[in-house]
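Text of run_8.cif (mmCIF, N, CA and C atoms) as supplied:
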data_model
#
loop_
_atom_site.label_atom_id
_atom_site.label_comp_id
_atom_site.auth_asym_id
_atom_site.auth_seq_id
_atom_site.Cartn_x
_atom_site.Cartn_y
_atom_site.Cartn_z
N MET A 5 54.03 -73.03 -178.82
CA MET A 5 53.00 -73.45 -179.75
C MET A 5 53.01 -72.50 -180.96
N ILE A 6 52.93 -73.05 -182.16
CA ILE A 6 52.89 -72.26 -183.39
C ILE A 6 51.49 -71.70 -183.57
N LYS A 7 51.42 -70.43 -183.88
CA LYS A 7 50.15 -69.77 -184.19
C LYS A 7 50.16 -69.39 -185.66
N VAL A 8 48.99 -69.20 -186.23
CA VAL A 8 48.85 -68.83 -187.63
C VAL A 8 48.50 -67.35 -187.71
N TYR A 9 49.17 -66.62 -188.61
CA TYR A 9 48.97 -65.19 -188.75
C TYR A 9 48.64 -64.85 -190.20
N ARG A 10 47.97 -63.72 -190.38
CA ARG A 10 47.75 -63.21 -191.72
C ARG A 10 48.28 -61.78 -191.77
N LYS A 11 48.65 -61.35 -192.95
CA LYS A 11 49.11 -59.97 -193.11
C LYS A 11 47.90 -59.05 -193.00
N THR A 12 48.08 -57.94 -192.31
CA THR A 12 46.95 -57.03 -192.14
C THR A 12 47.16 -55.68 -192.80
N ALA A 13 48.36 -55.37 -193.21
CA ALA A 13 48.61 -54.08 -193.85
C ALA A 13 48.13 -54.11 -195.30
N THR A 14 47.52 -53.03 -195.73
CA THR A 14 47.08 -52.91 -197.11
C THR A 14 48.19 -52.21 -197.89
N ILE A 15 48.50 -52.75 -199.06
CA ILE A 15 49.50 -52.14 -199.92
C ILE A 15 48.86 -51.74 -201.24
N SER A 16 49.53 -50.90 -201.98
CA SER A 16 49.14 -50.68 -203.37
C SER A 16 50.26 -51.30 -204.20
N ALA A 17 49.92 -51.79 -205.36
CA ALA A 17 50.93 -52.45 -206.20
C ALA A 17 50.59 -52.24 -207.67
N GLU A 18 51.65 -52.22 -208.46
CA GLU A 18 51.51 -52.04 -209.90
C GLU A 18 52.52 -52.96 -210.58
N GLN A 19 52.05 -53.69 -211.60
CA GLN A 19 52.96 -54.59 -212.31
C GLN A 19 53.83 -53.77 -213.26
N PHE A 20 55.15 -53.97 -213.15
CA PHE A 20 56.11 -53.21 -213.95
C PHE A 20 56.05 -53.66 -215.40
N ASP A 21 55.85 -52.69 -216.31
CA ASP A 21 55.76 -53.01 -217.74
C ASP A 21 56.97 -52.53 -218.53
N GLY A 22 57.94 -51.95 -217.85
CA GLY A 22 59.15 -51.49 -218.52
C GLY A 22 59.01 -50.16 -219.23
N SER A 23 57.85 -49.54 -219.13
CA SER A 23 57.63 -48.29 -219.87
C SER A 23 58.40 -47.13 -219.24
N ASN A 24 58.71 -46.16 -220.09
CA ASN A 24 59.38 -44.94 -219.60
C ASN A 24 58.50 -44.22 -218.58
N GLU A 25 57.17 -44.29 -218.77
CA GLU A 25 56.24 -43.65 -217.84
C GLU A 25 56.42 -44.21 -216.43
N MET A 26 56.50 -45.53 -216.30
CA MET A 26 56.68 -46.14 -214.98
C MET A 26 58.07 -45.85 -214.42
N ILE A 27 59.07 -45.89 -215.27
CA ILE A 27 60.44 -45.60 -214.83
C ILE A 27 60.51 -44.19 -214.27
N GLU A 28 59.84 -43.24 -214.92
CA GLU A 28 59.82 -41.86 -214.42
C GLU A 28 58.99 -41.75 -213.13
N ARG A 29 57.80 -42.39 -213.11
CA ARG A 29 56.92 -42.29 -211.95
C ARG A 29 57.59 -42.80 -210.67
N TYR A 30 58.39 -43.87 -210.79
CA TYR A 30 59.04 -44.46 -209.63
C TYR A 30 60.50 -44.01 -209.50
N ASP A 31 60.91 -43.02 -210.31
CA ASP A 31 62.26 -42.46 -210.25
C ASP A 31 63.30 -43.58 -210.33
N MET A 32 63.16 -44.41 -211.35
CA MET A 32 64.03 -45.58 -211.52
C MET A 32 65.11 -45.30 -212.56
N GLY A 33 66.16 -46.08 -212.49
CA GLY A 33 67.20 -46.04 -213.50
C GLY A 33 67.21 -47.36 -214.25
N PHE A 34 67.51 -47.35 -215.55
CA PHE A 34 67.54 -48.57 -216.36
C PHE A 34 68.88 -49.27 -216.19
N GLN A 35 68.84 -50.62 -216.19
CA GLN A 35 70.07 -51.39 -216.08
C GLN A 35 69.91 -52.71 -216.81
N LEU A 36 70.98 -53.19 -217.41
CA LEU A 36 71.00 -54.50 -218.03
C LEU A 36 71.49 -55.49 -216.99
N ALA A 37 70.68 -56.50 -216.71
CA ALA A 37 71.03 -57.49 -215.68
C ALA A 37 72.06 -58.47 -216.23
N PRO A 38 72.80 -59.17 -215.35
CA PRO A 38 73.80 -60.14 -215.80
C PRO A 38 73.23 -61.22 -216.70
N ASN A 39 71.93 -61.54 -216.55
CA ASN A 39 71.32 -62.58 -217.38
C ASN A 39 70.92 -62.05 -218.76
N GLY A 40 71.22 -60.79 -219.03
CA GLY A 40 70.91 -60.20 -220.32
C GLY A 40 69.53 -59.57 -220.39
N LYS A 41 68.71 -59.79 -219.37
CA LYS A 41 67.38 -59.20 -219.35
C LYS A 41 67.47 -57.77 -218.84
N GLY A 42 66.70 -56.90 -219.46
CA GLY A 42 66.66 -55.52 -219.00
C GLY A 42 65.81 -55.40 -217.76
N GLY A 43 66.04 -54.37 -217.04
CA GLY A 43 65.27 -54.10 -215.84
C GLY A 43 65.50 -52.67 -215.43
N ALA A 44 64.92 -52.31 -214.33
CA ALA A 44 65.10 -50.97 -213.80
C ALA A 44 65.42 -51.07 -212.32
N ILE A 45 66.13 -50.10 -211.84
CA ILE A 45 66.54 -50.08 -210.44
C ILE A 45 65.55 -49.23 -209.65
N ILE A 46 65.02 -49.79 -208.58
CA ILE A 46 64.13 -49.05 -207.69
C ILE A 46 64.83 -48.90 -206.34
N LYS A 47 64.67 -47.72 -205.76
CA LYS A 47 65.28 -47.46 -204.44
C LYS A 47 64.33 -47.99 -203.36
N THR A 48 64.85 -48.83 -202.46
CA THR A 48 64.05 -49.40 -201.38
C THR A 48 64.75 -49.10 -200.06
N LEU A 49 64.10 -49.44 -198.96
CA LEU A 49 64.72 -49.26 -197.65
C LEU A 49 65.96 -50.14 -197.49
N GLU A 50 66.00 -51.25 -198.22
CA GLU A 50 67.14 -52.16 -198.15
C GLU A 50 68.23 -51.83 -199.16
N GLY A 51 68.02 -50.81 -199.96
CA GLY A 51 68.98 -50.45 -200.99
C GLY A 51 68.35 -50.54 -202.37
N ASP A 52 69.18 -50.44 -203.40
CA ASP A 52 68.68 -50.49 -204.77
C ASP A 52 68.39 -51.93 -205.16
N LEU A 53 67.22 -52.15 -205.82
CA LEU A 53 66.83 -53.49 -206.28
C LEU A 53 66.49 -53.44 -207.76
N LEU A 54 66.81 -54.52 -208.45
CA LEU A 54 66.49 -54.64 -209.87
C LEU A 54 65.07 -55.17 -210.02
N VAL A 55 64.27 -54.49 -210.83
CA VAL A 55 62.89 -54.88 -211.11
C VAL A 55 62.82 -55.28 -212.58
N HIS A 56 62.37 -56.50 -212.85
CA HIS A 56 62.19 -56.96 -214.23
C HIS A 56 60.77 -56.70 -214.68
N VAL A 57 60.57 -56.63 -215.99
CA VAL A 57 59.22 -56.53 -216.54
C VAL A 57 58.42 -57.73 -216.03
N GLY A 58 57.22 -57.47 -215.52
CA GLY A 58 56.37 -58.52 -214.97
C GLY A 58 56.41 -58.60 -213.45
N ASP A 59 57.48 -58.07 -212.84
CA ASP A 59 57.53 -57.99 -211.37
C ASP A 59 56.56 -56.92 -210.92
N TRP A 60 56.28 -56.91 -209.63
CA TRP A 60 55.37 -55.93 -209.06
C TRP A 60 56.15 -54.93 -208.22
N ILE A 61 55.73 -53.67 -208.27
CA ILE A 61 56.27 -52.64 -207.41
C ILE A 61 55.21 -52.37 -206.35
N ALA A 62 55.54 -52.69 -205.11
CA ALA A 62 54.60 -52.52 -204.00
C ALA A 62 54.95 -51.25 -203.24
N THR A 63 53.92 -50.58 -202.76
CA THR A 63 54.09 -49.39 -201.92
C THR A 63 53.35 -49.64 -200.62
N GLY A 64 54.06 -49.53 -199.50
CA GLY A 64 53.49 -49.80 -198.20
C GLY A 64 52.81 -48.59 -197.59
N VAL A 65 52.31 -48.78 -196.38
CA VAL A 65 51.52 -47.74 -195.70
C VAL A 65 52.33 -46.48 -195.39
N ASN A 66 53.65 -46.58 -195.32
CA ASN A 66 54.50 -45.42 -195.04
C ASN A 66 55.20 -44.90 -196.29
N GLY A 67 54.74 -45.34 -197.47
CA GLY A 67 55.32 -44.88 -198.72
C GLY A 67 56.56 -45.65 -199.16
N GLU A 68 56.98 -46.63 -198.36
CA GLU A 68 58.16 -47.42 -198.72
C GLU A 68 57.82 -48.33 -199.92
N ARG A 69 58.81 -48.62 -200.74
CA ARG A 69 58.59 -49.43 -201.94
C ARG A 69 59.50 -50.64 -201.94
N TRP A 70 59.04 -51.71 -202.58
CA TRP A 70 59.85 -52.90 -202.77
C TRP A 70 59.35 -53.66 -203.99
N GLU A 71 60.18 -54.55 -204.47
CA GLU A 71 59.90 -55.36 -205.65
C GLU A 71 59.41 -56.72 -205.19
N ILE A 72 58.42 -57.28 -205.92
CA ILE A 72 57.92 -58.62 -205.64
C ILE A 72 57.83 -59.36 -206.97
N ALA A 73 58.45 -60.53 -207.03
CA ALA A 73 58.37 -61.35 -208.24
C ALA A 73 56.91 -61.72 -208.49
N ASP A 74 56.53 -61.83 -209.77
CA ASP A 74 55.13 -62.07 -210.15
C ASP A 74 54.55 -63.32 -209.48
N ASP A 75 55.28 -64.44 -209.49
CA ASP A 75 54.73 -65.67 -208.91
C ASP A 75 54.52 -65.54 -207.40
N VAL A 76 55.43 -64.87 -206.72
CA VAL A 76 55.29 -64.64 -205.27
C VAL A 76 54.12 -63.71 -205.00
N PHE A 77 53.98 -62.66 -205.80
CA PHE A 77 52.88 -61.71 -205.63
C PHE A 77 51.54 -62.42 -205.74
N LYS A 78 51.38 -63.25 -206.77
CA LYS A 78 50.10 -63.93 -206.99
C LYS A 78 49.77 -64.93 -205.88
N GLN A 79 50.78 -65.49 -205.23
CA GLN A 79 50.55 -66.42 -204.12
C GLN A 79 50.26 -65.69 -202.81
N THR A 80 50.69 -64.45 -202.69
CA THR A 80 50.66 -63.75 -201.41
C THR A 80 49.54 -62.72 -201.29
N TYR A 81 49.17 -62.07 -202.39
CA TYR A 81 48.25 -60.94 -202.32
C TYR A 81 46.98 -61.19 -203.13
N ALA A 82 45.87 -60.62 -202.66
CA ALA A 82 44.60 -60.65 -203.37
C ALA A 82 44.07 -59.22 -203.43
N GLU A 83 43.53 -58.85 -204.57
CA GLU A 83 42.98 -57.51 -204.72
C GLU A 83 41.80 -57.33 -203.77
N LEU A 84 41.70 -56.17 -203.16
CA LEU A 84 40.58 -55.89 -202.26
C LEU A 84 39.28 -55.84 -203.06
N PRO A 85 38.17 -56.29 -202.44
CA PRO A 85 36.89 -56.23 -203.16
C PRO A 85 36.43 -54.79 -203.36
N VAL A 86 35.72 -54.58 -204.44
CA VAL A 86 35.13 -53.28 -204.74
C VAL A 86 33.66 -53.38 -204.36
N ILE A 87 33.22 -52.48 -203.46
CA ILE A 87 31.86 -52.56 -202.94
C ILE A 87 31.12 -51.25 -203.15
N PRO A 88 29.77 -51.30 -203.17
CA PRO A 88 28.99 -50.07 -203.31
C PRO A 88 29.16 -49.16 -202.08
N LYS A 89 28.97 -47.87 -202.26
CA LYS A 89 29.12 -46.90 -201.17
C LYS A 89 28.18 -47.21 -200.01
N LYS A 90 26.94 -47.61 -200.28
CA LYS A 90 25.99 -47.92 -199.21
C LYS A 90 26.51 -49.06 -198.34
N ILE A 91 27.17 -50.04 -198.93
CA ILE A 91 27.73 -51.16 -198.17
C ILE A 91 28.91 -50.67 -197.34
N ALA A 92 29.73 -49.81 -197.93
CA ALA A 92 30.87 -49.22 -197.18
C ALA A 92 30.35 -48.40 -196.00
N ASP A 93 29.29 -47.65 -196.20
CA ASP A 93 28.69 -46.87 -195.12
C ASP A 93 28.21 -47.79 -194.00
N PHE A 94 27.61 -48.91 -194.37
CA PHE A 94 27.14 -49.89 -193.39
C PHE A 94 28.31 -50.42 -192.55
N ILE A 95 29.39 -50.80 -193.21
CA ILE A 95 30.56 -51.32 -192.49
C ILE A 95 31.11 -50.26 -191.54
N GLU A 96 31.18 -49.01 -192.00
CA GLU A 96 31.66 -47.91 -191.15
C GLU A 96 30.77 -47.71 -189.93
N LEU A 97 29.46 -47.70 -190.15
CA LEU A 97 28.52 -47.53 -189.03
C LEU A 97 28.72 -48.61 -187.97
N ALA A 98 28.81 -49.84 -188.43
CA ALA A 98 28.94 -50.96 -187.50
C ALA A 98 30.31 -50.95 -186.81
N ASN A 99 31.36 -50.62 -187.54
CA ASN A 99 32.71 -50.65 -186.97
C ASN A 99 33.00 -49.48 -186.03
N THR A 100 32.36 -48.35 -186.26
CA THR A 100 32.61 -47.19 -185.39
C THR A 100 31.73 -47.21 -184.15
N GLY A 101 30.75 -48.10 -184.13
CA GLY A 101 29.86 -48.19 -182.98
C GLY A 101 28.72 -47.18 -183.03
N GLU A 102 28.60 -46.44 -184.14
CA GLU A 102 27.49 -45.49 -184.28
C GLU A 102 26.16 -46.21 -184.35
N ALA A 103 26.20 -47.45 -184.77
CA ALA A 103 25.00 -48.28 -184.82
C ALA A 103 25.45 -49.72 -184.62
N SER A 104 24.59 -50.53 -184.02
CA SER A 104 24.93 -51.94 -183.89
C SER A 104 24.85 -52.56 -185.28
N ALA A 105 25.43 -53.72 -185.45
CA ALA A 105 25.38 -54.39 -186.75
C ALA A 105 23.93 -54.63 -187.16
N SER A 106 23.08 -55.01 -186.21
CA SER A 106 21.68 -55.28 -186.56
C SER A 106 20.95 -53.98 -186.93
N GLU A 107 21.26 -52.87 -186.25
CA GLU A 107 20.66 -51.58 -186.60
C GLU A 107 21.12 -51.14 -187.99
N ALA A 108 22.40 -51.27 -188.24
CA ALA A 108 22.93 -50.88 -189.55
C ALA A 108 22.34 -51.78 -190.63
N LEU A 109 22.19 -53.06 -190.32
CA LEU A 109 21.63 -54.01 -191.30
C LEU A 109 20.18 -53.66 -191.63
N SER A 110 19.45 -53.13 -190.67
CA SER A 110 18.05 -52.77 -190.92
C SER A 110 17.94 -51.64 -191.94
N LEU A 111 19.03 -50.90 -192.14
CA LEU A 111 19.04 -49.82 -193.13
C LEU A 111 19.22 -50.34 -194.56
N MET A 112 19.60 -51.61 -194.67
CA MET A 112 19.84 -52.19 -195.99
C MET A 112 18.51 -52.52 -196.65
N THR A 113 18.21 -51.85 -197.72
CA THR A 113 16.98 -52.11 -198.48
C THR A 113 17.32 -52.09 -199.96
N GLY A 114 16.42 -52.56 -200.75
CA GLY A 114 16.54 -52.47 -202.21
C GLY A 114 17.83 -53.04 -202.76
N ASN A 115 18.53 -52.22 -203.55
CA ASN A 115 19.75 -52.67 -204.23
C ASN A 115 20.83 -53.11 -203.25
N SER A 116 20.93 -52.43 -202.10
CA SER A 116 21.96 -52.79 -201.12
C SER A 116 21.71 -54.18 -200.55
N ALA A 117 20.45 -54.47 -200.21
CA ALA A 117 20.11 -55.80 -199.69
C ALA A 117 20.36 -56.86 -200.75
N ASP A 118 20.01 -56.57 -201.99
CA ASP A 118 20.27 -57.52 -203.08
C ASP A 118 21.77 -57.76 -203.23
N TRP A 119 22.56 -56.67 -203.17
CA TRP A 119 24.00 -56.81 -203.30
C TRP A 119 24.54 -57.72 -202.19
N LEU A 120 24.09 -57.50 -200.94
CA LEU A 120 24.53 -58.33 -199.81
C LEU A 120 24.22 -59.80 -200.04
N ARG A 121 23.00 -60.09 -200.51
CA ARG A 121 22.60 -61.49 -200.75
C ARG A 121 23.46 -62.13 -201.84
N ASN A 122 23.84 -61.36 -202.83
CA ASN A 122 24.54 -61.92 -203.99
C ASN A 122 26.06 -61.84 -203.91
N HIS A 123 26.59 -61.17 -202.89
CA HIS A 123 28.04 -60.98 -202.79
C HIS A 123 28.55 -61.24 -201.37
N THR A 124 28.11 -62.33 -200.77
CA THR A 124 28.45 -62.57 -199.36
C THR A 124 29.96 -62.73 -199.15
N LYS A 125 30.65 -63.38 -200.08
CA LYS A 125 32.10 -63.54 -199.91
C LYS A 125 32.83 -62.20 -200.02
N ASP A 126 32.42 -61.38 -200.97
CA ASP A 126 33.03 -60.05 -201.11
C ASP A 126 32.76 -59.21 -199.86
N PHE A 127 31.53 -59.32 -199.32
CA PHE A 127 31.18 -58.58 -198.12
C PHE A 127 32.05 -59.01 -196.93
N ALA A 128 32.21 -60.31 -196.75
CA ALA A 128 33.03 -60.82 -195.64
C ALA A 128 34.48 -60.37 -195.79
N ARG A 129 35.03 -60.46 -197.00
CA ARG A 129 36.40 -60.01 -197.23
C ARG A 129 36.53 -58.52 -196.99
N ALA A 130 35.54 -57.73 -197.42
CA ALA A 130 35.58 -56.28 -197.23
C ALA A 130 35.57 -55.94 -195.75
N TRP A 131 34.74 -56.61 -194.99
CA TRP A 131 34.63 -56.34 -193.55
C TRP A 131 35.95 -56.65 -192.85
N LEU A 132 36.58 -57.76 -193.22
CA LEU A 132 37.80 -58.19 -192.52
C LEU A 132 39.09 -57.58 -193.07
N ASP A 133 39.18 -57.48 -194.39
CA ASP A 133 40.46 -57.11 -195.01
C ASP A 133 40.51 -55.69 -195.54
N GLY A 134 39.38 -55.05 -195.70
CA GLY A 134 39.34 -53.73 -196.32
C GLY A 134 38.71 -53.79 -197.68
N TYR A 135 38.52 -52.65 -198.30
CA TYR A 135 37.79 -52.59 -199.57
C TYR A 135 38.10 -51.28 -200.27
N THR A 136 37.67 -51.21 -201.51
CA THR A 136 37.62 -49.95 -202.22
C THR A 136 36.15 -49.73 -202.60
N VAL A 137 35.75 -48.48 -202.67
CA VAL A 137 34.38 -48.15 -202.98
C VAL A 137 34.25 -47.97 -204.48
N GLU A 138 33.23 -48.62 -205.06
CA GLU A 138 33.07 -48.51 -206.52
C GLU A 138 32.74 -47.07 -206.89
N GLU A 139 33.20 -46.70 -208.06
CA GLU A 139 32.98 -45.34 -208.54
C GLU A 139 31.52 -45.17 -208.96
N ASP A 140 31.00 -43.96 -208.79
CA ASP A 140 29.64 -43.67 -209.22
C ASP A 140 29.55 -43.82 -210.73
N LYS A 141 28.43 -44.35 -211.14
CA LYS A 141 28.24 -44.59 -212.58
C LYS A 141 27.46 -43.47 -213.22
#

As structure tokens - that is how I would like this structure written.
Amino acid sequence: MIKVYRKTATISAEQFDGSNEMIERYDMGFQLAPNGKGGAIIKTLEGDLLVHVGDWIATGVNGERWEIADDVFKQTYAELPVIPKKIADFIELANTGEASASEALSLMTGNSADWLRNHTKDFARAWLDGYTVEEDK
């Protein structure tokens, strides 16, 4: 029987702009591709790969890197939601078992409760897929 799976590893990614800064940051070499388009070579676990401007450079959980074409990247990956620290603390409390979900939820008051009411999809995605915490203002 076929089962349905989702990717669970979180990656970081940056769209390649062809700048010298990115070429240096990723220790890349410049190369002219057979189609006449310029690109840069990135070292991956599978060997050297050509990255064109607009492609994405992904970095995995073990620091490994690979190239992803822009159209494939947009179909495959979604940016993690950015959530307030109080909401992140709530998720941590509930996930570590330090408090039940209902106990942790009872701590939600004021701005945090308003955020939960107004961002239910972001909250669900954060709980299941991960999140980044918004910077203090």

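The residues of range 53-126 of chain A that DSSP assigns to strand (DSSP E or B) on this backbone come out as A:Leu53, A:Leu54, A:Val55, A:His56, A:Trp60, A:Ile61, A:Ala62, A:Thr63, A:Arg69, A:Trp70, A:Glu71, A:Ile72, A:Val86, A:Ile87.
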
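The spacing separating CA of Asp118 in chain A from CA of Pro85 in chain A amounts to 16.7 Å.
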
List as a PDB file with N, CA and C atoms, in the coordinates of the input the protein and nucleic acid residues near Glu71 in chain A, meaning an atom at most 6.5 Å away when all atoms listed in the file are counted, but skip any in the same chain fewer than 5 places from it.
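out_4.pdb, freshly written:
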ATOM      1  N   VAL A  55      64.270 -54.490-210.830  1.00  0.00           N
ATOM      2  CA  VAL A  55      62.890 -54.880-211.110  1.00  0.00           C
ATOM      3  C   VAL A  55      62.820 -55.280-212.580  1.00  0.00           C
ATOM      4  N   ASP A  59      57.480 -58.070-212.840  1.00  0.00           N
ATOM      5  CA  ASP A  59      57.530 -57.990-211.370  1.00  0.00           C
ATOM      6  C   ASP A  59      56.560 -56.920-210.920  1.00  0.00           C
ATOM      7  N   TRP A  60      56.280 -56.910-209.630  1.00  0.00           N
ATOM      8  CA  TRP A  60      55.370 -55.930-209.060  1.00  0.00           C
ATOM      9  C   TRP A  60      56.150 -54.930-208.220  1.00  0.00           C
ATOM     10  N   ILE A  61      55.730 -53.670-208.270  1.00  0.00           N
ATOM     11  CA  ILE A  61      56.270 -52.640-207.410  1.00  0.00           C
ATOM     12  C   ILE A  61      55.210 -52.370-206.350  1.00  0.00           C
ATOM     13  N   ALA A  62      55.540 -52.690-205.110  1.00  0.00           N
ATOM     14  CA  ALA A  62      54.600 -52.520-204.000  1.00  0.00           C
ATOM     15  C   ALA A  62      54.950 -51.250-203.240  1.00  0.00           C
TER      16      ALA A  62
END

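Here atom C of Arg29 in chain A and CA of Gly51 in chain A stand 16.8 Å from one another.
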
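Considering the residues A:Ile46, A:Val57, A:Ile15, A:Val137 and counting only N, CA and C atoms, Tyr30 in chain A has its shortest atom-to-atom contact with A:Ile46.
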